[in-house]
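Written out below as structure tokens is the structure these notes cover.
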Amino acid sequence: MLRLLLAVGRNLTQHQEQGCLLVLEDMHDADAETLAVVEYLSDNIQGLPVFLLATLRPQSGPADELVRAVARRRS
């Protein structure tokens, strides 16, 4: 997934990295496997030209717990 995001963000005609924005909406409905991928991305995109934006409703649940854990780790 990280390689895909880097490839998408690369300007192939000028061989320059432009970066990539990944938007994930309604994460409060995400299953455990999706949350695991989002956690991996959150922990491993630092220093890469990738910006991850995820939205979720303010309700208790696995997605909310993930957001809080990622924030505590400053990922």
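A note on labels: chains of the structure tokens are A, B, ... as shown, every chain counts residues from 1, and ligands are counted from 1 in their shown order.
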(message) For Leu2 of chain A, find every residue with an atom within 8 Å (counting only C-alpha atoms), except residues of its own chain fewer than 4 positions away, and show them as a list in words.
(response) Leu6, Leu41 and Ile45 of chain A
For those residues, write all heavy atoms to a file as a tab-separated table (two decimals), in the first residue's frame.
```tsv
chain	number	residue	atom	x	y	z
A	6	LEU	N	3.13	6.00	-2.93
A	6	LEU	CA	4.30	6.71	-3.44
A	6	LEU	C	4.26	6.80	-4.96
A	6	LEU	O	4.60	7.84	-5.54
A	6	LEU	CB	5.58	6.03	-2.97
A	6	LEU	CG	5.88	6.17	-1.49
A	6	LEU	CD1	7.07	5.29	-1.11
A	6	LEU	CD2	6.15	7.61	-1.12
A	41	LEU	N	-0.46	2.20	8.08
A	41	LEU	CA	-0.13	3.40	7.30
A	41	LEU	C	0.20	4.57	8.22
A	41	LEU	O	1.18	5.29	7.98
A	41	LEU	CB	-1.30	3.77	6.38
A	41	LEU	CG	-1.57	2.84	5.21
A	41	LEU	CD1	-2.85	3.27	4.49
A	41	LEU	CD2	-0.39	2.81	4.26
A	45	ILE	N	4.00	6.28	7.49
A	45	ILE	CA	4.08	7.29	6.43
A	45	ILE	C	4.91	8.51	6.84
A	45	ILE	O	5.15	9.38	6.00
A	45	ILE	CB	2.69	7.75	5.95
A	45	ILE	CG1	1.89	8.41	7.07
A	45	ILE	CG2	1.94	6.63	5.31
A	45	ILE	CD1	0.58	9.03	6.60
```
(request) Using DSSP on the backbone, list every residue of chain A that comes out as alpha helix (DSSP H), and give them as a PyMOL selection string. (result) chain A and resi 2-9+32-44+62-73
(message) Neighbouring residues of Leu53 of chain A were defined as those with any atom within 7 Å, considering only C-alpha atoms; residues of the same chain fewer than 6 positions away were excluded. Please report them as a count of residues only.
(response) 3
(message) I'd like the contact shell of Val67 of chain A - 12 Å cut-off, only C-alpha atoms, skipping same-chain residues fewer than 6 positions apart - returned as a ChimeraX atom specification.
(response) /A:27-28,35-36,38-39,42-43,53-61,73-75
(message) Just the number, please: distance in Å from atom CA of Gly47 of chain A to atom CA of Glu33 of chain A, one decimal.
(response) 24.5 Å
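Of all the residues in segment 12-63 of chain A, the ones DSSP labels as strand (DSSP E or B) from the backbone are Gln16, Glu17, Cys20, Leu21, Leu22, Val23, Leu24, Val50, Phe51, Leu52, Leu53 and Ala54 of chain A.
Proximity of A:Val50, A:Gln18, A:Leu66, A:Arg72 to Val37 of chain A, computed with only C-alpha atoms, is greatest for A:Leu66.
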